[in-house]
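Visitor: Can you keep this structure in mind? I'll have questions shortly.
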Protein chains: 2
Amino acid sequence: MRYNSAMKLEEKIGKILKEKKLTLALAESCTGGLVSKKITDISGSSDYFLGSVIAYSNKIKVALLKVSPKLLKKNGAVSPETAKAMACGAKRLLKTDVAVSITGIAGPAGGSKEKPVGLAYIAFLSGKRSKVEKVFFKGTRRRNREKFAIEVLRVIIENI
Amino acid sequence: MRYNSAMKLEEKIGKILKEKKLTLALAESCTGGLVSKKITDISGSSDYFLGSVIAYSNKIKVALLKVSPKLLKKNGAVSPETAKAMACGAKRLLKTDVAVSITGIAGPAGGSKEKPVGLAYIAFLSGKRSKVEKVFFKGTRRRNREKFAIEVLRVIIENI
C-alpha cells in the first residue's frame with residue numbers, strides 16, 4: 001500500500017492497523033497521554049486503538065503494568081528494561097496485538113549525568129517483534145515531549 | 001490562596017493539589033489522553049498526578065475500570081452512570097484521593113438523536129464529593145475534544 005506523503009503519521013498508523021486488522025495499546029510515562037491523544041485525533045481510531053495506561057508514577061508502572069519493583073530499582077524507570085516491561089504489561093493487560101511504551105525525562109527537572117533530560121526509551125511489542133529504541137533530544141519540556149511522541153509514532157509505523 | 005488569572009487551568013490544579021496534598025487519577029474516553037497530556041504539561045506534576053486509564057474501547061472500561069457490562073448495556077458508554085463508574089474504577093485502581101473521568105462523543109461519527117456529537121459526561125470523585133456534569137458543544141472533532149478537556153480541568157478546579 002502506498003501512503004500519501006502529506007498524510008500524518010497517526011493517519012498512516014490507522015490505515016496500516018486497519019488493513020492488517022491489528023489492535024494497539026500504549027503505555028506512556030514521560031509523554032503523559034500525548035501519544036494517545038495523537039492516535040485518537042483520528043476519527044475512527046476506535047477500530048484499532050483500545051486504550052492506554054498513563055503510568056506517570058512508578059507505583060502505577062508496578063501496580064497496573066506489573067513492572068517488577070526489582071527491575072525498576074536495578075535499572076531505573078528510564079531504561080530499556082523498564083520500557084520493555086511496560087509494553088509487555090500493557091499488551092497483557094489490554095489484550096492487544098501490538099503494544100508500545102515510552103519512558104523518559106522530559107525535563108526541566110529529573111535529569112542526571114547518566115540519564116539527562118531529553119533521554120527516552122521506546123519499546124515495541126507484537127506477536128512477531130520485540131524492539132527497544134533509545135532517543136535523545138535537547139529541547140524544552142514541551143519540545144521534548146512533542147518529539148518523543150513523534151518518535152513513538154515512527155517506531156509504530158516502522159514495526160507494524 | 002489567590003491564583004494569578006493568567007495562570008493556566010492545569011497550573012492552578014497543580015498548585016491546589018500540592019497545597020492540599022492530594023493525588024489525582026484520570027479515566028478518559030473521548031478525549032483520548034488530552035486531559036492527561038495537559039495535566040503533565042506542568043513540570044513537577046508527578047507530585048500529584050499518578051496516572052490515567054485511557055479507556056477508549058468499552059472492553060477496557062469493563063476490564064480495567066470495572067464498569068459493569070450490564071450498566072454499559074443499559075445506559076450506554078456515554079451516560080452519567082458510565083462516567084461515574086469510570087471515575088470510581090480509576091480511583092480504586094490507581095488508589096488516588098481524587099479521580100475524574102470523561103466519556104462523550106467527539107465526532108464526526110458516533111452521534112445519534114438522543115446522544116449527539118458534542119455530548120459528554122464528566123464525573124468527579126473524591127473522599128468528600130461525587131458529582132457528574134453534562135457538557136455539550138457544537139464543533140469539529142478537534143474543537144470538541146479541546147473543549148471537553150478544558151471542561152474536565154474546570155470541573156477539577158471547582159471540586160477539589
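In the C-alpha cells, the first chain shown is A, the next is B, and so on; residue numbers restart at 1 for each chain, and ligands run from 1 in the order shown.
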With only C-alpha atoms as the counted atoms, please give the residues lying no more than 10 Å from Val152 (chain B), apart from itself and same-chain residues fewer than 5 positions off, as a PyMOL selection string.
Guide: chain B and resi 9+26+28+31+35+100-102+121-124+133+135+147+157-158
Visitor: Dump N, CA and C atoms for the selected residues as a PDB file, in the first residue's frame?
Guide:
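Saved result, again-v6.pdb, follows:
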```
ATOM      1  N   LEU B   9      -5.245  26.683  33.621  1.00  0.00           N
ATOM      2  CA  LEU B   9      -6.046  25.814  34.483  1.00  0.00           C
ATOM      3  C   LEU B   9      -5.215  24.664  35.053  1.00  0.00           C
ATOM      4  N   LEU B  26      -6.972   9.912  36.326  1.00  0.00           N
ATOM      5  CA  LEU B  26      -7.986  10.205  35.307  1.00  0.00           C
ATOM      6  C   LEU B  26      -8.406   8.935  34.577  1.00  0.00           C
ATOM      7  N   GLU B  28     -10.066   8.533  30.878  1.00  0.00           N
ATOM      8  CA  GLU B  28     -10.503   9.282  29.694  1.00  0.00           C
ATOM      9  C   GLU B  28     -11.017   8.355  28.608  1.00  0.00           C
ATOM     10  N   THR B  31     -11.672  12.012  25.088  1.00  0.00           N
ATOM     11  CA  THR B  31     -10.531  12.927  24.988  1.00  0.00           C
ATOM     12  C   THR B  31      -9.218  12.170  24.710  1.00  0.00           C
ATOM     13  N   VAL B  35      -6.525  15.227  28.296  1.00  0.00           N
ATOM     14  CA  VAL B  35      -6.548  15.818  29.649  1.00  0.00           C
ATOM     15  C   VAL B  35      -5.265  15.452  30.397  1.00  0.00           C
ATOM     16  N   VAL B 100     -11.130  11.597  38.195  1.00  0.00           N
ATOM     17  CA  VAL B 100     -12.051  12.305  37.309  1.00  0.00           C
ATOM     18  C   VAL B 100     -12.113  11.551  35.986  1.00  0.00           C
ATOM     19  N   SER B 101     -13.320  11.449  35.449  1.00  0.00           N
ATOM     20  CA  SER B 101     -13.484  10.715  34.187  1.00  0.00           C
ATOM     21  C   SER B 101     -14.251  11.555  33.180  1.00  0.00           C
ATOM     22  N   ILE B 102     -14.095  11.186  31.907  1.00  0.00           N
ATOM     23  CA  ILE B 102     -14.924  11.788  30.861  1.00  0.00           C
ATOM     24  C   ILE B 102     -15.258  10.737  29.811  1.00  0.00           C
ATOM     25  N   TYR B 121     -20.081  13.474  29.361  1.00  0.00           N
ATOM     26  CA  TYR B 121     -20.317  13.492  30.810  1.00  0.00           C
ATOM     27  C   TYR B 121     -18.977  13.422  31.525  1.00  0.00           C
ATOM     28  N   ILE B 122     -18.862  14.258  32.544  1.00  0.00           N
ATOM     29  CA  ILE B 122     -17.630  14.324  33.335  1.00  0.00           C
ATOM     30  C   ILE B 122     -17.979  13.974  34.775  1.00  0.00           C
ATOM     31  N   ALA B 123     -17.276  13.001  35.338  1.00  0.00           N
ATOM     32  CA  ALA B 123     -17.534  12.631  36.733  1.00  0.00           C
ATOM     33  C   ALA B 123     -16.335  12.965  37.598  1.00  0.00           C
ATOM     34  N   PHE B 124     -16.624  13.533  38.766  1.00  0.00           N
ATOM     35  CA  PHE B 124     -15.595  13.875  39.758  1.00  0.00           C
ATOM     36  C   PHE B 124     -15.846  13.031  40.994  1.00  0.00           C
ATOM     37  N   GLU B 133     -21.239  15.971  35.646  1.00  0.00           N
ATOM     38  CA  GLU B 133     -21.698  17.120  34.852  1.00  0.00           C
ATOM     39  C   GLU B 133     -21.870  16.723  33.391  1.00  0.00           C
ATOM     40  N   VAL B 135     -21.898  18.111  29.518  1.00  0.00           N
ATOM     41  CA  VAL B 135     -21.472  19.249  28.694  1.00  0.00           C
ATOM     42  C   VAL B 135     -21.851  18.973  27.245  1.00  0.00           C
ATOM     43  N   LYS B 147     -12.390  21.420  23.925  1.00  0.00           N
ATOM     44  CA  LYS B 147     -13.347  21.982  24.887  1.00  0.00           C
ATOM     45  C   LYS B 147     -13.707  20.982  25.980  1.00  0.00           C
ATOM     46  N   ILE B 157     -10.962  21.869  39.150  1.00  0.00           N
ATOM     47  CA  ILE B 157     -10.714  23.084  39.945  1.00  0.00           C
ATOM     48  C   ILE B 157     -11.908  23.408  40.848  1.00  0.00           C
ATOM     49  N   GLU B 158     -13.096  23.279  40.331  1.00  0.00           N
ATOM     50  CA  GLU B 158     -14.280  23.651  41.116  1.00  0.00           C
ATOM     51  C   GLU B 158     -14.582  22.677  42.246  1.00  0.00           C
TER      52      GLU B 158
END
```
Visitor: Could the residues of chain A within 10 Å of chain B, counting only C-alpha atoms, be given as an NGL selection string, please?
Guide: :A and (25-61 or 63-64 or 93-95 or 106-110 or 141-142 or 145)
Visitor: Export, as a tab-separated table (two decimals), in the first residue's frame, the selected residues with N, CA and C atoms.
Guide:
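After the write, again.tsv holds the following:
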```tsv
chain	number	residue	atom	x	y	z
A	25	ALA	N	-2.32	-0.91	21.90
A	25	ALA	CA	-2.39	-0.34	23.26
A	25	ALA	C	-1.11	0.43	23.51
A	26	LEU	N	-1.18	1.43	24.37
A	26	LEU	CA	0.01	2.21	24.71
A	26	LEU	C	0.23	2.24	26.22
A	27	ALA	N	1.49	2.37	26.59
A	27	ALA	CA	1.85	2.64	27.99
A	27	ALA	C	2.76	3.85	27.97
A	28	GLU	N	2.27	4.96	28.46
A	28	GLU	CA	3.04	6.21	28.39
A	28	GLU	C	3.48	6.68	29.77
A	29	SER	N	4.73	7.10	29.86
A	29	SER	CA	5.17	7.76	31.07
A	29	SER	C	5.44	9.24	30.76
A	30	CYS	N	6.62	9.56	30.26
A	30	CYS	CA	7.02	10.97	30.08
A	30	CYS	C	6.12	11.78	29.14
A	31	THR	N	5.48	11.12	28.19
A	31	THR	CA	4.62	11.84	27.26
A	31	THR	C	3.22	12.07	27.85
A	32	GLY	N	2.91	11.40	28.93
A	32	GLY	CA	1.72	11.69	29.73
A	32	GLY	C	0.39	11.70	29.01
A	33	GLY	N	0.26	11.01	27.91
A	33	GLY	CA	-1.02	10.95	27.20
A	33	GLY	C	-0.96	11.56	25.81
A	34	LEU	N	0.16	12.21	25.50
A	34	LEU	CA	0.28	12.91	24.21
A	34	LEU	C	0.22	11.96	23.02
A	35	VAL	N	0.82	10.78	23.16
A	35	VAL	CA	0.78	9.82	22.04
A	35	VAL	C	-0.65	9.31	21.85
A	36	SER	N	-1.31	8.98	22.94
A	36	SER	CA	-2.71	8.51	22.87
A	36	SER	C	-3.58	9.59	22.26
A	37	LYS	N	-3.35	10.82	22.65
A	37	LYS	CA	-4.10	11.95	22.10
A	37	LYS	C	-3.92	12.02	20.58
A	38	LYS	N	-2.69	11.87	20.12
A	38	LYS	CA	-2.42	11.94	18.67
A	38	LYS	C	-3.12	10.80	17.94
A	39	ILE	N	-3.01	9.60	18.49
A	39	ILE	CA	-3.64	8.43	17.87
A	39	ILE	C	-5.16	8.65	17.76
A	40	THR	N	-5.75	9.22	18.81
A	40	THR	CA	-7.21	9.40	18.83
A	40	THR	C	-7.65	10.73	18.20
A	41	ASP	N	-6.71	11.51	17.70
A	41	ASP	CA	-7.07	12.66	16.86
A	41	ASP	C	-7.79	12.17	15.60
A	42	ILE	N	-7.50	10.93	15.23
A	42	ILE	CA	-8.06	10.36	14.01
A	42	ILE	C	-9.45	9.78	14.29
A	43	SER	N	-10.43	10.29	13.57
A	43	SER	CA	-11.78	9.75	13.69
A	43	SER	C	-11.79	8.31	13.19
A	44	GLY	N	-12.41	7.42	13.96
A	44	GLY	CA	-12.43	6.00	13.59
A	44	GLY	C	-11.30	5.22	14.24
A	45	SER	N	-10.49	5.90	15.08
A	45	SER	CA	-9.37	5.22	15.72
A	45	SER	C	-9.84	4.14	16.70
A	46	SER	N	-11.12	4.20	17.09
A	46	SER	CA	-11.64	3.16	18.00
A	46	SER	C	-11.66	1.79	17.31
A	47	ASP	N	-11.50	1.75	15.98
A	47	ASP	CA	-11.43	0.47	15.28
A	47	ASP	C	-10.17	-0.32	15.64
A	48	TYR	N	-9.11	0.37	16.01
A	48	TYR	CA	-7.84	-0.34	16.27
A	48	TYR	C	-7.18	0.05	17.60
A	49	PHE	N	-7.54	1.21	18.13
A	49	PHE	CA	-6.92	1.65	19.39
A	49	PHE	C	-7.85	1.32	20.55
A	50	LEU	N	-7.40	0.43	21.43
A	50	LEU	CA	-8.26	0.04	22.56
A	50	LEU	C	-8.10	0.97	23.76
A	51	GLY	N	-6.85	1.38	24.02
A	51	GLY	CA	-6.64	2.26	25.16
A	51	GLY	C	-5.20	2.28	25.61
A	52	SER	N	-4.97	3.00	26.71
A	52	SER	CA	-3.61	3.18	27.24
A	52	SER	C	-3.60	3.17	28.76
A	53	VAL	N	-2.43	2.90	29.26
A	53	VAL	CA	-2.17	3.19	30.67
A	53	VAL	C	-1.16	4.32	30.70
A	54	ILE	N	-1.57	5.45	31.31
A	54	ILE	CA	-0.61	6.52	31.52
A	54	ILE	C	-0.01	6.25	32.90
A	55	ALA	N	1.19	5.68	32.88
A	55	ALA	CA	1.83	5.28	34.13
A	55	ALA	C	2.86	6.34	34.49
A	56	TYR	N	2.35	7.45	34.99
A	56	TYR	CA	3.24	8.58	35.26
A	56	TYR	C	4.09	8.32	36.51
A	57	SER	N	3.50	7.65	37.47
A	57	SER	CA	4.28	7.33	38.68
A	57	SER	C	4.75	5.88	38.62
A	58	ASN	N	5.85	5.61	39.32
A	58	ASN	CA	6.36	4.24	39.36
A	58	ASN	C	5.36	3.29	39.99
A	59	LYS	N	4.59	3.79	40.94
A	59	LYS	CA	3.55	2.99	41.59
A	59	LYS	C	2.63	2.35	40.55
A	60	ILE	N	2.25	3.17	39.55
A	60	ILE	CA	1.32	2.67	38.53
A	60	ILE	C	2.03	1.71	37.59
A	61	LYS	N	3.30	1.98	37.33
A	61	LYS	CA	4.08	1.04	36.50
A	61	LYS	C	4.06	-0.35	37.16
A	63	ALA	N	1.88	-1.40	39.80
A	63	ALA	CA	0.54	-1.93	40.12
A	63	ALA	C	-0.24	-2.34	38.88
A	64	LEU	N	-0.19	-1.53	37.83
A	64	LEU	CA	-1.01	-1.84	36.65
A	64	LEU	C	-0.24	-2.61	35.59
A	93	LEU	N	-2.29	-6.62	29.71
A	93	LEU	CA	-3.44	-6.02	30.40
A	93	LEU	C	-4.56	-5.65	29.43
A	94	LEU	N	-4.20	-5.07	28.30
A	94	LEU	CA	-5.22	-4.58	27.36
A	94	LEU	C	-5.53	-5.58	26.23
A	95	LYS	N	-4.77	-6.68	26.24
A	95	LYS	CA	-5.01	-7.79	25.30
A	95	LYS	C	-5.09	-7.34	23.84
A	106	ALA	N	11.41	14.31	30.36
A	106	ALA	CA	11.03	15.46	29.53
A	106	ALA	C	11.69	16.75	30.02
A	107	GLY	N	11.99	16.79	31.32
A	107	GLY	CA	12.63	17.97	31.90
A	107	GLY	C	11.64	19.02	32.34
A	108	PRO	N	12.03	20.18	32.82
A	108	PRO	CA	13.43	20.54	33.01
A	108	PRO	C	14.10	19.85	34.20
A	109	ALA	N	13.29	19.31	35.13
A	109	ALA	CA	13.87	18.60	36.28
A	109	ALA	C	13.98	17.12	35.98
A	110	GLY	N	14.64	16.38	36.84
A	110	GLY	CA	14.64	14.92	36.76
A	110	GLY	C	15.83	14.33	36.02
A	141	ARG	N	10.88	21.19	27.80
A	141	ARG	CA	9.94	20.14	28.16
A	141	ARG	C	8.92	19.91	27.04
A	142	ARG	N	8.36	21.02	26.58
A	142	ARG	CA	7.33	20.95	25.57
A	142	ARG	C	7.83	20.32	24.27
A	145	ARG	N	8.71	16.58	24.68
A	145	ARG	CA	7.52	15.71	24.71
A	145	ARG	C	6.93	15.55	23.31
```
Visitor: Taking the chain letters and numbering used in this document, name the residues of chain A that DSSP puts in strand (DSSP E or B), as JSON, numbers by chain.
Guide: {"A": [24, 25, 26, 27, 28, 49, 50, 51, 52, 53, 54, 55, 98, 99, 100, 101, 102, 103, 104, 119, 120, 121, 122, 123, 124, 125, 126, 130, 131, 132, 133, 134, 135, 136]}
Visitor: Selected residues, N, CA and C atoms, written as a short mmCIF file (atom, residue, chain, number, x, y, z; two decimals), in the first residue's frame, please.
Guide:
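Dumped everything to out-v8.cif:
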```
data_model
loop_
_atom_site.label_atom_id
_atom_site.label_comp_id
_atom_site.auth_asym_id
_atom_site.auth_seq_id
_atom_site.Cartn_x
_atom_site.Cartn_y
_atom_site.Cartn_z
N LEU A 24 -4.14 -1.92 18.98
CA LEU A 24 -3.00 -1.22 19.61
C LEU A 24 -3.31 -0.76 21.03
N ALA A 25 -2.32 -0.91 21.90
CA ALA A 25 -2.39 -0.34 23.26
C ALA A 25 -1.11 0.43 23.51
N LEU A 26 -1.18 1.43 24.37
CA LEU A 26 0.01 2.21 24.71
C LEU A 26 0.23 2.24 26.22
N ALA A 27 1.49 2.37 26.59
CA ALA A 27 1.85 2.64 27.99
C ALA A 27 2.76 3.85 27.97
N GLU A 28 2.27 4.96 28.46
CA GLU A 28 3.04 6.21 28.39
C GLU A 28 3.48 6.68 29.77
N PHE A 49 -7.54 1.21 18.13
CA PHE A 49 -6.92 1.65 19.39
C PHE A 49 -7.85 1.32 20.55
N LEU A 50 -7.40 0.43 21.43
CA LEU A 50 -8.26 0.04 22.56
C LEU A 50 -8.10 0.97 23.76
N GLY A 51 -6.85 1.38 24.02
CA GLY A 51 -6.64 2.26 25.16
C GLY A 51 -5.20 2.28 25.61
N SER A 52 -4.97 3.00 26.71
CA SER A 52 -3.61 3.18 27.24
C SER A 52 -3.60 3.17 28.76
N VAL A 53 -2.43 2.90 29.26
CA VAL A 53 -2.17 3.19 30.67
C VAL A 53 -1.16 4.32 30.70
N ILE A 54 -1.57 5.45 31.31
CA ILE A 54 -0.61 6.52 31.52
C ILE A 54 -0.01 6.25 32.90
N ALA A 55 1.19 5.68 32.88
CA ALA A 55 1.83 5.28 34.13
C ALA A 55 2.86 6.34 34.49
N VAL A 98 -0.63 -5.35 19.37
CA VAL A 98 0.57 -4.53 19.44
C VAL A 98 0.51 -3.65 20.70
N ALA A 99 1.65 -3.51 21.38
CA ALA A 99 1.72 -2.57 22.49
C ALA A 99 3.02 -1.80 22.39
N VAL A 100 2.95 -0.51 22.67
CA VAL A 100 4.13 0.34 22.57
C VAL A 100 4.21 1.19 23.83
N SER A 101 5.43 1.35 24.34
CA SER A 101 5.59 2.12 25.57
C SER A 101 6.67 3.18 25.40
N ILE A 102 6.61 4.18 26.25
CA ILE A 102 7.71 5.16 26.32
C ILE A 102 7.94 5.59 27.76
N THR A 103 9.22 5.68 28.11
CA THR A 103 9.61 6.18 29.42
C THR A 103 10.84 7.06 29.23
N GLY A 104 10.82 8.25 29.78
CA GLY A 104 11.93 9.17 29.57
C GLY A 104 11.87 10.36 30.49
N LEU A 119 16.31 12.27 27.33
CA LEU A 119 16.52 10.84 27.05
C LEU A 119 15.20 10.07 27.21
N ALA A 120 14.92 9.18 26.29
CA ALA A 120 13.75 8.31 26.44
C ALA A 120 13.99 6.97 25.77
N TYR A 121 13.28 5.96 26.25
CA TYR A 121 13.30 4.64 25.63
C TYR A 121 11.89 4.29 25.17
N ILE A 122 11.81 3.75 23.97
CA ILE A 122 10.53 3.37 23.37
C ILE A 122 10.58 1.87 23.09
N ALA A 123 9.59 1.15 23.60
CA ALA A 123 9.55 -0.30 23.35
C ALA A 123 8.35 -0.65 22.49
N PHE A 124 8.59 -1.52 21.52
CA PHE A 124 7.54 -2.02 20.62
C PHE A 124 7.40 -3.51 20.84
N LEU A 125 6.18 -3.97 20.92
CA LEU A 125 5.95 -5.40 21.14
C LEU A 125 4.73 -5.88 20.37
N SER A 126 4.95 -6.88 19.53
CA SER A 126 3.83 -7.53 18.84
C SER A 126 4.08 -9.03 18.92
N SER A 130 9.86 -7.69 18.92
CA SER A 130 10.10 -7.00 20.19
C SER A 130 11.34 -6.14 20.00
N LYS A 131 11.21 -4.85 20.30
CA LYS A 131 12.29 -3.93 19.98
C LYS A 131 12.30 -2.77 20.97
N VAL A 132 13.49 -2.30 21.32
CA VAL A 132 13.58 -1.10 22.16
C VAL A 132 14.49 -0.09 21.47
N GLU A 133 14.05 1.14 21.41
CA GLU A 133 14.89 2.20 20.81
C GLU A 133 15.17 3.29 21.83
N LYS A 134 16.37 3.84 21.74
CA LYS A 134 16.76 4.96 22.59
C LYS A 134 16.66 6.24 21.77
N VAL A 135 16.09 7.28 22.33
CA VAL A 135 16.07 8.57 21.63
C VAL A 135 16.58 9.65 22.58
N PHE A 136 17.10 10.71 21.99
CA PHE A 136 17.63 11.80 22.83
C PHE A 136 17.44 13.13 22.12
#
```
Visitor: Residues of region 29-131 of chain B classed as alpha helix (DSSP H) by DSSP on the backbone are to be reported as an MDAnalysis selection string.
Guide: chainID B and resid 34:40 58:63 69:75 80:94
Visitor: Using N, CA and C atoms, can you export the residues from the last selection as an mmCIF file, in the first residue's frame?
Guide:
```
data_model
loop_
_atom_site.group_PDB
_atom_site.id
_atom_site.type_symbol
_atom_site.label_atom_id
_atom_site.label_comp_id
_atom_site.auth_asym_id
_atom_site.auth_seq_id
_atom_site.Cartn_x
_atom_site.Cartn_y
_atom_site.Cartn_z
ATOM 1 N N LEU B 34 -5.913 13.587 26.089
ATOM 2 C CA LEU B 34 -5.664 15.036 26.022
ATOM 3 C C LEU B 34 -5.661 15.695 27.407
ATOM 4 N N VAL B 35 -6.525 15.227 28.296
ATOM 5 C CA VAL B 35 -6.548 15.818 29.649
ATOM 6 C C VAL B 35 -5.265 15.452 30.397
ATOM 7 N N SER B 36 -4.871 14.193 30.289
ATOM 8 C CA SER B 36 -3.629 13.754 30.947
ATOM 9 C C SER B 36 -2.437 14.522 30.396
ATOM 10 N N LYS B 37 -2.442 14.728 29.099
ATOM 11 C CA LYS B 37 -1.372 15.495 28.447
ATOM 12 C C LYS B 37 -1.307 16.900 29.036
ATOM 13 N N LYS B 38 -2.461 17.549 29.199
ATOM 14 C CA LYS B 38 -2.475 18.919 29.730
ATOM 15 C C LYS B 38 -1.981 18.947 31.170
ATOM 16 N N ILE B 39 -2.455 17.981 31.973
ATOM 17 C CA ILE B 39 -2.018 17.917 33.376
ATOM 18 C C ILE B 39 -0.491 17.750 33.450
ATOM 19 N N THR B 40 0.063 16.897 32.565
ATOM 20 C CA THR B 40 1.505 16.634 32.609
ATOM 21 C C THR B 40 2.325 17.619 31.781
ATOM 22 N N ASN B 58 -14.945 0.032 24.965
ATOM 23 C CA ASN B 58 -15.761 -0.443 26.087
ATOM 24 C C ASN B 58 -15.112 -1.625 26.798
ATOM 25 N N LYS B 59 -14.398 -2.440 26.030
ATOM 26 C CA LYS B 59 -13.668 -3.580 26.622
ATOM 27 C C LYS B 59 -12.785 -3.124 27.775
ATOM 28 N N ILE B 60 -12.079 -2.010 27.554
ATOM 29 C CA ILE B 60 -11.149 -1.515 28.576
ATOM 30 C C ILE B 60 -11.929 -0.902 29.741
ATOM 31 N N LYS B 61 -13.059 -0.269 29.431
ATOM 32 C CA LYS B 61 -13.899 0.262 30.519
ATOM 33 C C LYS B 61 -14.305 -0.875 31.452
ATOM 34 N N VAL B 62 -14.629 -2.018 30.864
ATOM 35 C CA VAL B 62 -15.062 -3.169 31.664
ATOM 36 C C VAL B 62 -13.866 -3.841 32.335
ATOM 37 N N ALA B 63 -12.833 -4.153 31.535
ATOM 38 C CA ALA B 63 -11.725 -4.964 32.050
ATOM 39 C C ALA B 63 -10.889 -4.216 33.087
ATOM 40 N N PRO B 69 -20.805 -4.538 32.669
ATOM 41 C CA PRO B 69 -21.352 -4.675 31.307
ATOM 42 C C PRO B 69 -22.862 -4.408 31.286
ATOM 43 N N LYS B 70 -23.536 -4.770 32.348
ATOM 44 C CA LYS B 70 -24.984 -4.506 32.460
ATOM 45 C C LYS B 70 -25.271 -3.013 32.450
ATOM 46 N N LEU B 71 -24.520 -2.287 33.260
ATOM 47 C CA LEU B 71 -24.680 -0.831 33.335
ATOM 48 C C LEU B 71 -24.399 -0.197 31.983
ATOM 49 N N LEU B 72 -23.344 -0.676 31.314
ATOM 50 C CA LEU B 72 -22.975 -0.158 29.986
ATOM 51 C C LEU B 72 -24.094 -0.420 28.982
ATOM 52 N N LYS B 73 -24.639 -1.617 29.019
ATOM 53 C CA LYS B 73 -25.684 -2.003 28.074
ATOM 54 C C LYS B 73 -26.943 -1.167 28.322
ATOM 55 N N LYS B 74 -27.262 -0.980 29.583
ATOM 56 C CA LYS B 74 -28.491 -0.270 29.940
ATOM 57 C C LYS B 74 -28.392 1.228 29.614
ATOM 58 N N ASN B 75 -27.261 1.843 29.963
ATOM 59 C CA ASN B 75 -27.151 3.302 29.868
ATOM 60 C C ASN B 75 -26.322 3.796 28.687
ATOM 61 N N PRO B 80 -24.250 9.475 32.310
ATOM 62 C CA PRO B 80 -23.746 9.852 33.630
ATOM 63 C C PRO B 80 -23.351 8.618 34.443
ATOM 64 N N GLU B 81 -24.100 7.537 34.279
ATOM 65 C CA GLU B 81 -23.816 6.309 35.040
ATOM 66 C C GLU B 81 -22.442 5.741 34.686
ATOM 67 N N THR B 82 -22.145 5.707 33.374
ATOM 68 C CA THR B 82 -20.837 5.178 32.955
ATOM 69 C C THR B 82 -19.711 6.113 33.389
ATOM 70 N N ALA B 83 -19.936 7.414 33.277
ATOM 71 C CA ALA B 83 -18.907 8.375 33.715
ATOM 72 C C ALA B 83 -18.571 8.144 35.186
ATOM 73 N N LYS B 84 -19.604 7.987 36.000
ATOM 74 C CA LYS B 84 -19.409 7.790 37.437
ATOM 75 C C LYS B 84 -18.670 6.475 37.708
ATOM 76 N N ALA B 85 -19.082 5.429 37.011
ATOM 77 C CA ALA B 85 -18.443 4.126 37.197
ATOM 78 C C ALA B 85 -16.976 4.164 36.767
ATOM 79 N N MET B 86 -16.688 4.949 35.727
ATOM 80 C CA MET B 86 -15.293 5.080 35.266
ATOM 81 C C MET B 86 -14.428 5.778 36.314
ATOM 82 N N ALA B 87 -14.949 6.856 36.891
ATOM 83 C CA ALA B 87 -14.195 7.584 37.919
ATOM 84 C C ALA B 87 -13.978 6.696 39.136
ATOM 85 N N CYS B 88 -15.016 5.975 39.479
ATOM 86 C CA CYS B 88 -14.967 5.055 40.613
ATOM 87 C C CYS B 88 -13.893 3.987 40.372
ATOM 88 N N GLY B 89 -13.886 3.433 39.180
ATOM 89 C CA GLY B 89 -12.909 2.413 38.823
ATOM 90 C C GLY B 89 -11.491 2.950 38.836
ATOM 91 N N ALA B 90 -11.319 4.160 38.332
ATOM 92 C CA ALA B 90 -9.974 4.766 38.298
ATOM 93 C C ALA B 90 -9.476 5.042 39.711
ATOM 94 N N LYS B 91 -10.371 5.518 40.570
ATOM 95 C CA LYS B 91 -9.979 5.840 41.952
ATOM 96 C C LYS B 91 -9.538 4.574 42.684
ATOM 97 N N ARG B 92 -10.283 3.497 42.454
ATOM 98 C CA ARG B 92 -9.967 2.226 43.119
ATOM 99 C C ARG B 92 -8.675 1.632 42.557
ATOM 100 N N LEU B 93 -8.545 1.674 41.233
ATOM 101 C CA LEU B 93 -7.405 1.041 40.562
ATOM 102 C C LEU B 93 -6.097 1.790 40.830
ATOM 103 N N LEU B 94 -6.151 3.112 40.774
ATOM 104 C CA LEU B 94 -4.925 3.901 40.900
ATOM 105 C C LEU B 94 -4.703 4.416 42.327
#
```
Visitor: Rounded to one decimal, what separation in Å do you get between CA of Ser112 (chain B) and CA of Val78 (chain B)?
Guide: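 According to the coordinates, CA of Ser112 (chain B) and CA of Val78 (chain B) are separated by 11.2 Å.
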